[in-house]
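First comes the structure, then the notes that go with it.
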Amino acid sequence: MPSTRSSADFVAAEAVARHFDVSKPWLARAIEQSPRVFLKAVDGVSFAVAKGETLALVGESGCGKSTVARLVVGLYRPTSGRVLFDGLELAGLPAAERARSRRRMQMIFQDPYASLNPRWRVRDIVAEPLRAFGLATGRAELAERVGALLVQVGLSPADGEKYPHEFSGGQRQRISIARALSSSPEFLVCDEPTSALDVSVQAQILNLMRDLQEELGLTYLFISHNLAAVRHISDRVGVMYLGRIVEIADSETLFSRPRHPYTQMLLDAIPDLAMSGREREPMGGEVPNPLDPPAGCHFHPRCPFANARCRAETPALKQHGPAEAACHAVEEGRI
């Protein structure tokens with residue numbers, strides 16, 4: 001797929017793929033004469049994020065959103081394709097320069113119960129990146145920086161003496177955000193940061209993230225399956241299905257005029273609290289086995305607009321008005 005990256009892009013993924021070997025052990029394969037099996041968790045994903053904006057990735061569980069998040073921050077290496085951060089490919093940088101670039105990006109994980117060390121005090125959790133990157137020296141400076149970070153996320157400096165189990169879920173996620181901010185990053189990957197929280201707490205965390213973005217000029221890649229949260233925080237939205245992006249558009253366009261049938265079905269699954277009376281198409285069928293995805297368009301077994309071309313030819317992500325969509329039916333004007 002040709003690159004559509006521009007010089008204004010801060011983070012870019014270019015035809016990135018990540019395959020996992022899920023084969024049986026060698027001896028079992030030798031006895032059964034079975035081949036190796038690969039799971040294509042991410043299958044040629046391309047997108048770009050401009051400095052200061054929020055790009056959200058949405059889709060059903062298992063579509064590859066979290067794998068993309070880990071690829072972007074370098075926790076996984078791409079099987080093919082490349083990820084660029086501020087114009088540089090991290091995988092090809094010398095170790096020292098790669099470490100400097102990594103300091104500029106951080107990740108907020110989904111589960112605040114699991115992402116914080118239960119044996120460490122909060123002050124040590126938040127100070128860990130400061131020590132790792134050599135950004136503060138001495139106890140007094142560390143204590144001052146940690147106290148300021150805790151205040152920035154709505155906690156008290158005195159909370160640094162406590163352990164994670166002494167906080168609620170929302171407070172734990174605030175601690176995770178403080179830790180992510182401690183290295184003064186420019187880019188945050190947020191992997192479903194509100195999914196483990198109550199609805200009222202979700203709103204507080206999302207508002208905090210928006211305030212921090214305006215205050216610090218942060219750039220977000222926001223991973224979620226919660227479309228209400230995505231609509232609240234995102235500038236642009238990418239919709240994923242079985243390892244591929246099927247539609248990208250700005251938030252207003254995607255929620256008001258979705259092009260891809262899968263996007264339309266996702267939005268139809270949201271309860272109509274306004275009782276508008278609009279006809280809604282229920283989500284039909286099951287997600288195919290990712291180890292053996294359908295040929296052509298992966299969505300065609302569930303799509304009411306599929307034809308022979310959809311079953312045989314993989315659609316490319318193309319511009320259709322204000323949105324990009326990977327759909328033969330959209331391209332041919334059948335939708």
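Identifiers for the structure tokens are assigned positionally: chains receive A, B, ... in sequence, residues are indexed from 1 per chain, and ligands are indexed from 1 in the order shown.
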
For range 169-227 of chain A versus range 39-49 of chain A, which residues have an atom no more than 9 Å away, and what is each residue's nearest atom pair and distance in Å rounded to one decimal, using only C-alpha atoms, chain-then-number order, as a Markdown table?
| residue | atom | partner | partner_atom | distance |
| --- | --- | --- | --- | --- |
| A:Thr219 | CA | A:Val49 | CA | 7.8 |
| A:Tyr220 | CA | A:Val49 | CA | 8.2 |
| A:Leu221 | CA | A:Val49 | CA | 7.8 |

C-alpha atoms of the current selection, written as a PDB file, in the first residue's frame:
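The resulting file, again_27.pdb, is shown below:
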ATOM      1  CA  THR A 219      -0.778  13.558  21.118  1.00  0.00           C
ATOM      2  CA  TYR A 220      -2.970  10.499  21.802  1.00  0.00           C
ATOM      3  CA  LEU A 221      -3.544   7.135  20.184  1.00  0.00           C
TER       4      LEU A 221
END

Which neighbours of Glu313 in chain A fall inside 12 Å, counting only C-alpha atoms, when residues of the same chain fewer than 5 positions from it are skipped, and could you give them as an NGL selection string? :A and (294-300 or 306-308 or 326-328)

Could you take the residues named above and write them with N, CA and C atoms, as a short mmCIF file (atom, residue, chain, number, x, y, z; two decimals), in the first residue's frame?
data_model
loop_
_atom_site.label_atom_id
_atom_site.label_comp_id
_atom_site.auth_asym_id
_atom_site.auth_seq_id
_atom_site.Cartn_x
_atom_site.Cartn_y
_atom_site.Cartn_z
N PRO A 294 -11.77 -15.24 6.28
CA PRO A 294 -12.32 -15.38 4.93
C PRO A 294 -11.43 -14.71 3.89
N ALA A 295 -11.46 -15.23 2.68
CA ALA A 295 -10.73 -14.60 1.58
C ALA A 295 -11.40 -13.29 1.20
N GLY A 296 -10.67 -12.46 0.46
CA GLY A 296 -11.22 -11.19 0.03
C GLY A 296 -11.43 -10.26 1.20
N CYS A 297 -12.59 -9.62 1.24
CA CYS A 297 -12.94 -8.76 2.37
C CYS A 297 -13.29 -9.65 3.56
N HIS A 298 -12.60 -9.47 4.68
CA HIS A 298 -12.85 -10.30 5.85
C HIS A 298 -14.28 -10.17 6.36
N PHE A 299 -14.94 -9.05 6.06
CA PHE A 299 -16.27 -8.80 6.60
C PHE A 299 -17.38 -9.39 5.73
N HIS A 300 -17.06 -9.93 4.57
CA HIS A 300 -18.12 -10.29 3.62
C HIS A 300 -19.12 -11.34 4.14
N ALA A 306 -22.45 -7.74 0.28
CA ALA A 306 -21.35 -8.50 -0.33
C ALA A 306 -21.76 -9.14 -1.64
N ASN A 307 -20.80 -9.14 -2.59
CA ASN A 307 -21.01 -9.85 -3.85
C ASN A 307 -19.78 -10.70 -4.14
N ALA A 308 -19.68 -11.21 -5.36
CA ALA A 308 -18.59 -12.12 -5.71
C ALA A 308 -17.23 -11.43 -5.60
N ALA A 326 -12.40 0.93 3.14
CA ALA A 326 -11.95 -0.24 2.39
C ALA A 326 -13.18 -1.10 2.10
N CYS A 327 -13.90 -0.76 1.03
CA CYS A 327 -15.17 -1.45 0.74
C CYS A 327 -15.47 -1.36 -0.76
N HIS A 328 -15.65 -2.52 -1.39
CA HIS A 328 -16.01 -2.53 -2.80
C HIS A 328 -17.40 -1.94 -3.03
#

Would you give me, as a Markdown table, each residue of range 169-263 of chain A having an atom within 12 Å of an atom of range 17-34 of chain A, along with its shortest atom pair and that distance in Å to one decimal, using only C-alpha atoms and sorting by chain and residue number?
| residue | atom | partner | partner_atom | distance |
| --- | --- | --- | --- | --- |
| A:Leu242 | CA | A:Ala17 | CA | 12.0 |
| A:Gly243 | CA | A:Ala17 | CA | 8.4 |
| A:Arg244 | CA | A:Ala17 | CA | 9.3 |
| A:Ile245 | CA | A:Ala17 | CA | 11.7 |

Mind dumping the selected residues with N, CA, C and O atoms as a short mmCIF file (atom, residue, chain, number, x, y, z; two decimals), in the first residue's frame?
data_model
loop_
_atom_site.label_atom_id
_atom_site.label_comp_id
_atom_site.auth_asym_id
_atom_site.auth_seq_id
_atom_site.Cartn_x
_atom_site.Cartn_y
_atom_site.Cartn_z
N LEU A 242 -10.74 -7.61 12.19
CA LEU A 242 -9.85 -8.75 11.93
C LEU A 242 -8.48 -8.30 11.40
O LEU A 242 -8.00 -8.78 10.38
N GLY A 243 -7.86 -7.38 12.11
CA GLY A 243 -6.49 -6.99 11.81
C GLY A 243 -6.32 -5.94 10.75
O GLY A 243 -5.19 -5.56 10.43
N ARG A 244 -7.42 -5.45 10.18
CA ARG A 244 -7.33 -4.44 9.13
C ARG A 244 -8.15 -3.21 9.50
O ARG A 244 -9.17 -3.32 10.18
N ILE A 245 -7.72 -2.05 9.02
CA ILE A 245 -8.54 -0.84 9.16
C ILE A 245 -9.50 -0.78 7.98
O ILE A 245 -9.09 -0.84 6.81
#

Exercise: His320 in chain A partners within 12 Å, only C-alpha atoms, chain neighbours under 6 positions left out, as a list in words: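 Neighbouring residues, sequence-local ones excluded: Glu247, Ile248, Ala249, Thr253, Arg257, Pro258, Arg259, His260, Ala326, Cys327, His328, Ala329, Val330, Glu331, Glu332, Gly333 and Ile335 of chain A.
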
Excluding Ser182 in chain A and residues on its chain fewer than 4 positions from it, collect all residues at most 9 Å away from it, counting only C-alpha atoms, and give them as a ChimeraX atom specification. /A:126-130,135,145-146,149,177-178

Any chance you can output those residues with N, CA and C atoms as a JSON list (two decimals), in the first residue's frame?
[["chain", "number", "residue", "atom", "x", "y", "z"],
["A", 126, "VAL", "N", 5.54, 6.33, 40.55],
["A", 126, "VAL", "CA", 5.56, 7.53, 39.71],
["A", 126, "VAL", "C", 6.99, 7.97, 39.43],
["A", 127, "ALA", "N", 7.90, 7.72, 40.37],
["A", 127, "ALA", "CA", 9.29, 8.15, 40.20],
["A", 127, "ALA", "C", 10.12, 7.22, 39.32],
["A", 128, "GLU", "N", 9.60, 6.03, 39.05],
["A", 128, "GLU", "CA", 10.41, 5.05, 38.30],
["A", 128, "GLU", "C", 10.90, 5.59, 36.95],
["A", 129, "PRO", "N", 10.04, 6.18, 36.09],
["A", 129, "PRO", "CA", 10.56, 6.73, 34.83],
["A", 129, "PRO", "C", 11.57, 7.86, 35.03],
["A", 130, "LEU", "N", 11.39, 8.66, 36.10],
["A", 130, "LEU", "CA", 12.33, 9.74, 36.38],
["A", 130, "LEU", "C", 13.72, 9.16, 36.65],
["A", 135, "LEU", "N", 16.03, 11.84, 34.85],
["A", 135, "LEU", "CA", 15.42, 13.17, 34.78],
["A", 135, "LEU", "C", 15.39, 13.90, 36.11],
["A", 145, "ARG", "N", 9.06, 16.47, 42.26],
["A", 145, "ARG", "CA", 8.50, 16.14, 40.96],
["A", 145, "ARG", "C", 7.30, 15.20, 41.11],
["A", 146, "VAL", "N", 7.42, 14.20, 41.98],
["A", 146, "VAL", "CA", 6.32, 13.25, 42.17],
["A", 146, "VAL", "C", 5.10, 13.96, 42.75],
["A", 149, "LEU", "N", 3.33, 15.91, 40.06],
["A", 149, "LEU", "CA", 2.62, 15.04, 39.13],
["A", 149, "LEU", "C", 1.32, 14.53, 39.73],
["A", 177, "ILE", "N", -1.67, 7.51, 35.00],
["A", 177, "ILE", "CA", -1.47, 8.68, 34.15],
["A", 177, "ILE", "C", -0.31, 9.51, 34.66],
["A", 178, "ALA", "N", -0.21, 9.69, 36.00],
["A", 178, "ALA", "CA", 0.91, 10.43, 36.56],
["A", 178, "ALA", "C", 2.24, 9.76, 36.22]]

Would you list the contacts of range 233-240 of chain A as a VMD selection string, taking every protein, DNA or RNA residue within 8 Å and counting only C-alpha atoms, but skipping same-chain residues closer than 6 positions in sequence? chain A and resid 53 to 60 63 to 65 206 210 222 246 to 251 254 263

Write the selection just made, keeping N, CA and C atoms, as a PDB file, in the first residue's frame?
ATOM      1  N   GLU A  53      -3.187  15.886  18.062  1.00  0.00           N
ATOM      2  CA  GLU A  53      -4.518  15.339  17.822  1.00  0.00           C
ATOM      3  C   GLU A  53      -4.690  13.997  18.530  1.00  0.00           C
ATOM      4  N   THR A  54      -5.931  13.517  18.552  1.00  0.00           N
ATOM      5  CA  THR A  54      -6.264  12.214  19.119  1.00  0.00           C
ATOM      6  C   THR A  54      -6.857  11.350  18.025  1.00  0.00           C
ATOM      7  N   LEU A  55      -6.172  10.247  17.724  1.00  0.00           N
ATOM      8  CA  LEU A  55      -6.711   9.241  16.811  1.00  0.00           C
ATOM      9  C   LEU A  55      -7.172   8.066  17.653  1.00  0.00           C
ATOM     10  N   ALA A  56      -8.430   7.669  17.489  1.00  0.00           N
ATOM     11  CA  ALA A  56      -8.969   6.519  18.208  1.00  0.00           C
ATOM     12  C   ALA A  56      -9.059   5.328  17.259  1.00  0.00           C
ATOM     13  N   LEU A  57      -8.768   4.143  17.782  1.00  0.00           N
ATOM     14  CA  LEU A  57      -8.979   2.899  17.059  1.00  0.00           C
ATOM     15  C   LEU A  57     -10.051   2.113  17.783  1.00  0.00           C
ATOM     16  N   VAL A  58     -11.099   1.713  17.053  1.00  0.00           N
ATOM     17  CA  VAL A  58     -12.213   0.995  17.653  1.00  0.00           C
ATOM     18  C   VAL A  58     -12.452  -0.303  16.887  1.00  0.00           C
ATOM     19  N   GLY A  59     -13.223  -1.183  17.501  1.00  0.00           N
ATOM     20  CA  GLY A  59     -13.563  -2.452  16.885  1.00  0.00           C
ATOM     21  C   GLY A  59     -13.875  -3.482  17.951  1.00  0.00           C
ATOM     22  N   GLU A  60     -14.416  -4.622  17.503  1.00  0.00           N
ATOM     23  CA  GLU A  60     -14.757  -5.692  18.438  1.00  0.00           C
ATOM     24  C   GLU A  60     -13.496  -6.285  19.058  1.00  0.00           C
ATOM     25  N   CYS A  63      -9.839  -7.650  17.352  1.00  0.00           N
ATOM     26  CA  CYS A  63      -9.614  -7.087  16.016  1.00  0.00           C
ATOM     27  C   CYS A  63      -8.176  -6.617  15.808  1.00  0.00           C
ATOM     28  N   GLY A  64      -7.367  -6.565  16.883  1.00  0.00           N
ATOM     29  CA  GLY A  64      -5.970  -6.172  16.735  1.00  0.00           C
ATOM     30  C   GLY A  64      -5.636  -4.801  17.279  1.00  0.00           C
ATOM     31  N   LYS A  65      -6.565  -4.146  17.972  1.00  0.00           N
ATOM     32  CA  LYS A  65      -6.334  -2.783  18.465  1.00  0.00           C
ATOM     33  C   LYS A  65      -5.149  -2.731  19.432  1.00  0.00           C
ATOM     34  N   LEU A 206     -11.674  10.771  31.306  1.00  0.00           N
ATOM     35  CA  LEU A 206     -11.641  11.331  29.950  1.00  0.00           C
ATOM     36  C   LEU A 206     -11.491  12.848  29.988  1.00  0.00           C
ATOM     37  N   ARG A 210      -8.374  15.094  28.460  1.00  0.00           N
ATOM     38  CA  ARG A 210      -8.544  16.229  27.548  1.00  0.00           C
ATOM     39  C   ARG A 210      -7.888  17.489  28.111  1.00  0.00           C
ATOM     40  N   PHE A 222      -5.732   6.508  21.001  1.00  0.00           N
ATOM     41  CA  PHE A 222      -6.716   6.066  21.993  1.00  0.00           C
ATOM     42  C   PHE A 222      -7.366   4.781  21.503  1.00  0.00           C
ATOM     43  N   VAL A 246     -10.813  -0.657   8.299  1.00  0.00           N
ATOM     44  CA  VAL A 246     -11.814  -0.650   7.236  1.00  0.00           C
ATOM     45  C   VAL A 246     -12.359   0.753   6.971  1.00  0.00           C
ATOM     46  N   GLU A 247     -12.150   1.685   7.928  1.00  0.00           N
ATOM     47  CA  GLU A 247     -12.609   3.056   7.702  1.00  0.00           C
ATOM     48  C   GLU A 247     -11.854   4.005   8.625  1.00  0.00           C
ATOM     49  N   ILE A 248     -11.505   5.176   8.103  1.00  0.00           N
ATOM     50  CA  ILE A 248     -10.925   6.260   8.894  1.00  0.00           C
ATOM     51  C   ILE A 248     -11.616   7.556   8.491  1.00  0.00           C
ATOM     52  N   ALA A 249     -12.031   8.306   9.487  1.00  0.00           N
ATOM     53  CA  ALA A 249     -12.672   9.596   9.215  1.00  0.00           C
ATOM     54  C   ALA A 249     -12.564  10.456  10.459  1.00  0.00           C
ATOM     55  N   ASP A 250     -12.821  11.753  10.301  1.00  0.00           N
ATOM     56  CA  ASP A 250     -12.894  12.591  11.500  1.00  0.00           C
ATOM     57  C   ASP A 250     -14.114  12.169  12.304  1.00  0.00           C
ATOM     58  N   SER A 251     -14.088  12.457  13.592  1.00  0.00           N
ATOM     59  CA  SER A 251     -15.091  11.927  14.511  1.00  0.00           C
ATOM     60  C   SER A 251     -16.516  12.321  14.102  1.00  0.00           C
ATOM     61  N   LEU A 254     -17.618  10.335  10.958  1.00  0.00           N
ATOM     62  CA  LEU A 254     -17.823   8.902  11.166  1.00  0.00           C
ATOM     63  C   LEU A 254     -19.108   8.636  11.938  1.00  0.00           C
ATOM     64  N   THR A 263     -18.882  -0.307  10.119  1.00  0.00           N
ATOM     65  CA  THR A 263     -19.022   0.893  10.949  1.00  0.00           C
ATOM     66  C   THR A 263     -20.492   1.189  11.209  1.00  0.00           C
TER      67      THR A 263
END

Can you work out which one of A:Ser101, A:Ser184, A:Asn117, A:Gln171 has the shortest atom-to-atom distance to Ala136 in chain A, counting only C-alpha atoms?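 When distances to Ala136 in chain A are compared using only C-alpha atoms, the smallest one comes from A:Ser184.
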
As number ranges by chain, list the residues of range 92-199 of chain A assigned to strand (DSSP E or B) by DSSP on the backbone atoms of this structure. A: 105-108, 187-191

The selected residues should be written to file as an mmCIF file, in the first residue's frame (atoms: all heavy atoms).
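Result saved to selection_15.cif:
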data_model
loop_
_atom_site.group_PDB
_atom_site.id
_atom_site.type_symbol
_atom_site.label_atom_id
_atom_site.label_comp_id
_atom_site.auth_asym_id
_atom_site.auth_seq_id
_atom_site.Cartn_x
_atom_site.Cartn_y
_atom_site.Cartn_z
ATOM 1 N N MET A 105 7.550 8.958 24.472
ATOM 2 C CA MET A 105 6.270 8.250 24.344
ATOM 3 C C MET A 105 6.052 7.376 25.573
ATOM 4 O O MET A 105 7.000 6.837 26.147
ATOM 5 C CB MET A 105 6.232 7.405 23.072
ATOM 6 C CG MET A 105 7.280 6.308 23.015
ATOM 7 S SD MET A 105 7.096 5.256 21.557
ATOM 8 C CE MET A 105 7.658 6.376 20.280
ATOM 9 N N GLN A 106 4.814 7.268 26.003
ATOM 10 C CA GLN A 106 4.459 6.433 27.142
ATOM 11 C C GLN A 106 3.123 5.761 26.864
ATOM 12 O O GLN A 106 2.418 6.108 25.907
ATOM 13 C CB GLN A 106 4.380 7.255 28.432
ATOM 14 C CG GLN A 106 5.706 7.753 28.964
ATOM 15 C CD GLN A 106 6.597 6.634 29.469
ATOM 16 O OE1 GLN A 106 6.111 5.559 29.811
ATOM 17 N NE2 GLN A 106 7.897 6.873 29.507
ATOM 18 N N MET A 107 2.782 4.809 27.730
ATOM 19 C CA MET A 107 1.557 4.037 27.524
ATOM 20 C C MET A 107 0.747 3.984 28.818
ATOM 21 O O MET A 107 1.302 3.844 29.907
ATOM 22 C CB MET A 107 1.922 2.628 27.066
ATOM 23 C CG MET A 107 0.763 1.800 26.560
ATOM 24 S SD MET A 107 1.348 0.362 25.635
ATOM 25 C CE MET A 107 -0.232 -0.357 25.164
ATOM 26 N N ILE A 108 -0.560 4.125 28.672
ATOM 27 C CA ILE A 108 -1.491 3.943 29.782
ATOM 28 C C ILE A 108 -2.232 2.638 29.518
ATOM 29 O O ILE A 108 -2.894 2.498 28.483
ATOM 30 C CB ILE A 108 -2.488 5.108 29.893
ATOM 31 C CG1 ILE A 108 -1.744 6.434 30.068
ATOM 32 C CG2 ILE A 108 -3.446 4.891 31.054
ATOM 33 C CD1 ILE A 108 -2.638 7.653 29.970
ATOM 34 N N PHE A 187 3.772 11.924 23.356
ATOM 35 C CA PHE A 187 2.834 11.000 22.713
ATOM 36 C C PHE A 187 2.432 9.925 23.716
ATOM 37 O O PHE A 187 3.293 9.291 24.336
ATOM 38 C CB PHE A 187 3.493 10.365 21.487
ATOM 39 C CG PHE A 187 2.665 9.315 20.801
ATOM 40 C CD1 PHE A 187 1.393 9.600 20.337
ATOM 41 C CD2 PHE A 187 3.167 8.034 20.603
ATOM 42 C CE1 PHE A 187 0.625 8.629 19.702
ATOM 43 C CE2 PHE A 187 2.424 7.066 19.965
ATOM 44 C CZ PHE A 187 1.148 7.359 19.508
ATOM 45 N N LEU A 188 1.121 9.751 23.913
ATOM 46 C CA LEU A 188 0.613 8.736 24.827
ATOM 47 C C LEU A 188 -0.260 7.748 24.059
ATOM 48 O O LEU A 188 -1.152 8.159 23.304
ATOM 49 C CB LEU A 188 -0.228 9.366 25.940
ATOM 50 C CG LEU A 188 0.501 10.182 27.015
ATOM 51 C CD1 LEU A 188 -0.497 10.680 28.049
ATOM 52 C CD2 LEU A 188 1.576 9.348 27.691
ATOM 53 N N VAL A 189 0.009 6.466 24.267
ATOM 54 C CA VAL A 189 -0.843 5.402 23.740
ATOM 55 C C VAL A 189 -1.728 4.939 24.890
ATOM 56 O O VAL A 189 -1.226 4.459 25.906
ATOM 57 C CB VAL A 189 -0.021 4.238 23.178
ATOM 58 C CG1 VAL A 189 -0.930 3.099 22.746
ATOM 59 C CG2 VAL A 189 0.815 4.710 21.991
ATOM 60 N N CYS A 190 -3.018 5.094 24.729
ATOM 61 C CA CYS A 190 -3.981 4.794 25.799
ATOM 62 C C CYS A 190 -4.759 3.548 25.395
ATOM 63 O O CYS A 190 -5.637 3.604 24.529
ATOM 64 C CB CYS A 190 -4.932 5.965 26.004
ATOM 65 S SG CYS A 190 -4.098 7.572 26.106
ATOM 66 N N ASP A 191 -4.422 2.412 26.008
ATOM 67 C CA ASP A 191 -5.022 1.132 25.638
ATOM 68 C C ASP A 191 -6.238 0.865 26.532
ATOM 69 O O ASP A 191 -6.115 0.312 27.611
ATOM 70 C CB ASP A 191 -3.995 0.006 25.771
ATOM 71 C CG ASP A 191 -4.529 -1.325 25.259
ATOM 72 O OD1 ASP A 191 -5.602 -1.338 24.639
ATOM 73 O OD2 ASP A 191 -3.865 -2.367 25.483
#

Within 12 Å of Gly92 in chain A using only C-alpha atoms, minus same-chain residues under 3 positions, as an MDAnalysis selection string: chainID A and resid 74 77 82:85 87:89 95:98 101

Take the residues from that selection and write them out as an mmCIF file, in the first residue's frame, keeping all heavy atoms.
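Dumped to part_22.cif:
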data_model
loop_
_atom_site.group_PDB
_atom_site.id
_atom_site.type_symbol
_atom_site.label_atom_id
_atom_site.label_comp_id
_atom_site.auth_asym_id
_atom_site.auth_seq_id
_atom_site.Cartn_x
_atom_site.Cartn_y
_atom_site.Cartn_z
ATOM 1 N N GLY A 74 6.718 0.101 20.465
ATOM 2 C CA GLY A 74 7.910 -0.735 20.373
ATOM 3 C C GLY A 74 7.930 -1.943 21.272
ATOM 4 O O GLY A 74 8.962 -2.619 21.372
ATOM 5 N N ARG A 77 7.806 -5.968 17.754
ATOM 6 C CA ARG A 77 8.440 -5.597 16.485
ATOM 7 C C ARG A 77 7.530 -6.021 15.340
ATOM 8 O O ARG A 77 6.966 -7.121 15.372
ATOM 9 C CB ARG A 77 9.808 -6.272 16.332
ATOM 10 C CG ARG A 77 10.854 -5.753 17.304
ATOM 11 C CD ARG A 77 12.185 -6.454 17.065
ATOM 12 N NE ARG A 77 12.766 -6.083 15.781
ATOM 13 C CZ ARG A 77 13.607 -5.066 15.604
ATOM 14 N NH1 ARG A 77 13.945 -4.298 16.631
ATOM 15 N NH2 ARG A 77 14.096 -4.798 14.416
ATOM 16 N N ARG A 82 6.536 -0.662 8.828
ATOM 17 C CA ARG A 82 7.332 0.114 9.773
ATOM 18 C C ARG A 82 6.481 1.146 10.493
ATOM 19 O O ARG A 82 5.428 1.577 9.995
ATOM 20 C CB ARG A 82 8.496 0.805 9.065
ATOM 21 C CG ARG A 82 8.089 1.806 7.988
ATOM 22 C CD ARG A 82 9.305 2.449 7.359
ATOM 23 N NE ARG A 82 8.936 3.534 6.450
ATOM 24 C CZ ARG A 82 9.776 4.481 6.046
ATOM 25 N NH1 ARG A 82 11.029 4.480 6.477
ATOM 26 N NH2 ARG A 82 9.378 5.433 5.223
ATOM 27 N N VAL A 83 6.946 1.517 11.690
ATOM 28 C CA VAL A 83 6.326 2.560 12.495
ATOM 29 C C VAL A 83 7.318 3.705 12.612
ATOM 30 O O VAL A 83 8.477 3.502 12.979
ATOM 31 C CB VAL A 83 5.939 2.047 13.896
ATOM 32 C CG1 VAL A 83 5.363 3.181 14.734
ATOM 33 C CG2 VAL A 83 4.941 0.905 13.795
ATOM 34 N N LEU A 84 6.871 4.925 12.297
ATOM 35 C CA LEU A 84 7.718 6.111 12.358
ATOM 36 C C LEU A 84 7.248 7.017 13.482
ATOM 37 O O LEU A 84 6.046 7.260 13.639
ATOM 38 C CB LEU A 84 7.672 6.881 11.037
ATOM 39 C CG LEU A 84 8.115 6.127 9.784
ATOM 40 C CD1 LEU A 84 7.925 7.003 8.559
ATOM 41 C CD2 LEU A 84 9.553 5.681 9.891
ATOM 42 N N PHE A 85 8.202 7.498 14.274
ATOM 43 C CA PHE A 85 7.914 8.453 15.339
ATOM 44 C C PHE A 85 8.715 9.712 15.079
ATOM 45 O O PHE A 85 9.948 9.689 15.082
ATOM 46 C CB PHE A 85 8.271 7.851 16.705
ATOM 47 C CG PHE A 85 8.070 8.793 17.859
ATOM 48 C CD1 PHE A 85 6.791 9.146 18.255
ATOM 49 C CD2 PHE A 85 9.148 9.339 18.530
ATOM 50 C CE1 PHE A 85 6.588 10.016 19.313
ATOM 51 C CE2 PHE A 85 8.964 10.212 19.588
ATOM 52 C CZ PHE A 85 7.680 10.552 19.978
ATOM 53 N N GLY A 87 9.227 11.088 12.336
ATOM 54 C CA GLY A 87 10.016 10.875 11.128
ATOM 55 C C GLY A 87 11.087 9.809 11.230
ATOM 56 O O GLY A 87 11.752 9.518 10.239
ATOM 57 N N LEU A 88 11.268 9.206 12.410
ATOM 58 C CA LEU A 88 12.323 8.217 12.609
ATOM 59 C C LEU A 88 11.726 6.839 12.874
ATOM 60 O O LEU A 88 10.728 6.715 13.598
ATOM 61 C CB LEU A 88 13.225 8.609 13.783
ATOM 62 C CG LEU A 88 13.945 9.958 13.669
ATOM 63 C CD1 LEU A 88 14.679 10.271 14.970
ATOM 64 C CD2 LEU A 88 14.917 9.948 12.496
ATOM 65 N N GLU A 89 12.336 5.822 12.303
ATOM 66 C CA GLU A 89 11.926 4.448 12.560
ATOM 67 C C GLU A 89 12.711 3.931 13.760
ATOM 68 O O GLU A 89 13.930 3.758 13.703
ATOM 69 C CB GLU A 89 12.187 3.574 11.334
ATOM 70 C CG GLU A 89 11.658 2.156 11.480
ATOM 71 C CD GLU A 89 11.861 1.321 10.213
ATOM 72 O OE1 GLU A 89 12.449 1.847 9.244
ATOM 73 O OE2 GLU A 89 11.445 0.156 10.216
ATOM 74 N N ALA A 95 21.017 2.359 19.944
ATOM 75 C CA ALA A 95 20.383 2.150 21.250
ATOM 76 C C ALA A 95 20.193 3.448 22.023
ATOM 77 O O ALA A 95 19.131 3.684 22.605
ATOM 78 C CB ALA A 95 21.214 1.159 22.067
ATOM 79 N N ALA A 96 21.204 4.308 22.035
ATOM 80 C CA ALA A 96 21.117 5.548 22.815
ATOM 81 C C ALA A 96 20.032 6.472 22.256
ATOM 82 O O ALA A 96 19.241 7.051 23.012
ATOM 83 C CB ALA A 96 22.463 6.262 22.824
ATOM 84 N N GLU A 97 19.982 6.601 20.941
ATOM 85 C CA GLU A 97 18.977 7.471 20.329
ATOM 86 C C GLU A 97 17.576 6.874 20.469
ATOM 87 O O GLU A 97 16.602 7.600 20.645
ATOM 88 C CB GLU A 97 19.315 7.688 18.851
ATOM 89 C CG GLU A 97 18.498 8.813 18.220
ATOM 90 C CD GLU A 97 18.998 9.177 16.834
ATOM 91 O OE1 GLU A 97 20.106 8.705 16.449
ATOM 92 O OE2 GLU A 97 18.286 9.910 16.139
ATOM 93 N N ARG A 98 17.493 5.536 20.408
ATOM 94 C CA ARG A 98 16.201 4.881 20.599
ATOM 95 C C ARG A 98 15.678 5.129 22.009
ATOM 96 O O ARG A 98 14.484 5.358 22.209
ATOM 97 C CB ARG A 98 16.333 3.382 20.328
ATOM 98 C CG ARG A 98 14.999 2.644 20.341
ATOM 99 C CD ARG A 98 15.099 1.268 19.703
ATOM 100 N NE ARG A 98 16.034 0.402 20.390
ATOM 101 C CZ ARG A 98 17.175 -0.047 19.890
ATOM 102 N NH1 ARG A 98 17.530 0.324 18.668
ATOM 103 N NH2 ARG A 98 17.970 -0.838 20.572
ATOM 104 N N SER A 101 14.243 8.590 22.207
ATOM 105 C CA SER A 101 12.936 8.667 21.547
ATOM 106 C C SER A 101 11.860 7.998 22.392
ATOM 107 O O SER A 101 10.724 8.482 22.466
ATOM 108 C CB SER A 101 13.005 7.998 20.172
ATOM 109 O OG SER A 101 13.846 8.722 19.299
#

Who sits within 12 Å of Asp111 in chain A, only C-alpha atoms, same chain under 6 positions skipped, as an NGL selection string: :A and (169-170 or 172-176 or 190-197)

Using the selection just defined, write its residues with C-alpha atoms as a CSV table (one decimal), in the first residue's frame.
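Here's the written file part16.csv:
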chain,number,residue,atom,x,y,z
A,169,GLY,CA,-10.1,2.1,40.4
A,170,GLY,CA,-10.3,5.7,39.2
A,172,ARG,CA,-5.4,4.0,40.4
A,173,GLN,CA,-5.8,5.1,36.8
A,174,ARG,CA,-4.9,8.6,37.8
A,175,ILE,CA,-1.7,7.2,39.3
A,176,SER,CA,-1.0,5.4,36.0
A,190,CYS,CA,-4.0,4.8,25.8
A,191,ASP,CA,-5.0,1.1,25.6
A,192,GLU,CA,-8.7,1.1,26.8
A,193,PRO,CA,-7.8,3.3,29.8
A,194,THR,CA,-11.5,3.6,31.0
A,195,SER,CA,-12.9,0.1,30.3
A,196,ALA,CA,-12.3,-1.2,33.8
A,197,LEU,CA,-14.0,1.9,35.5
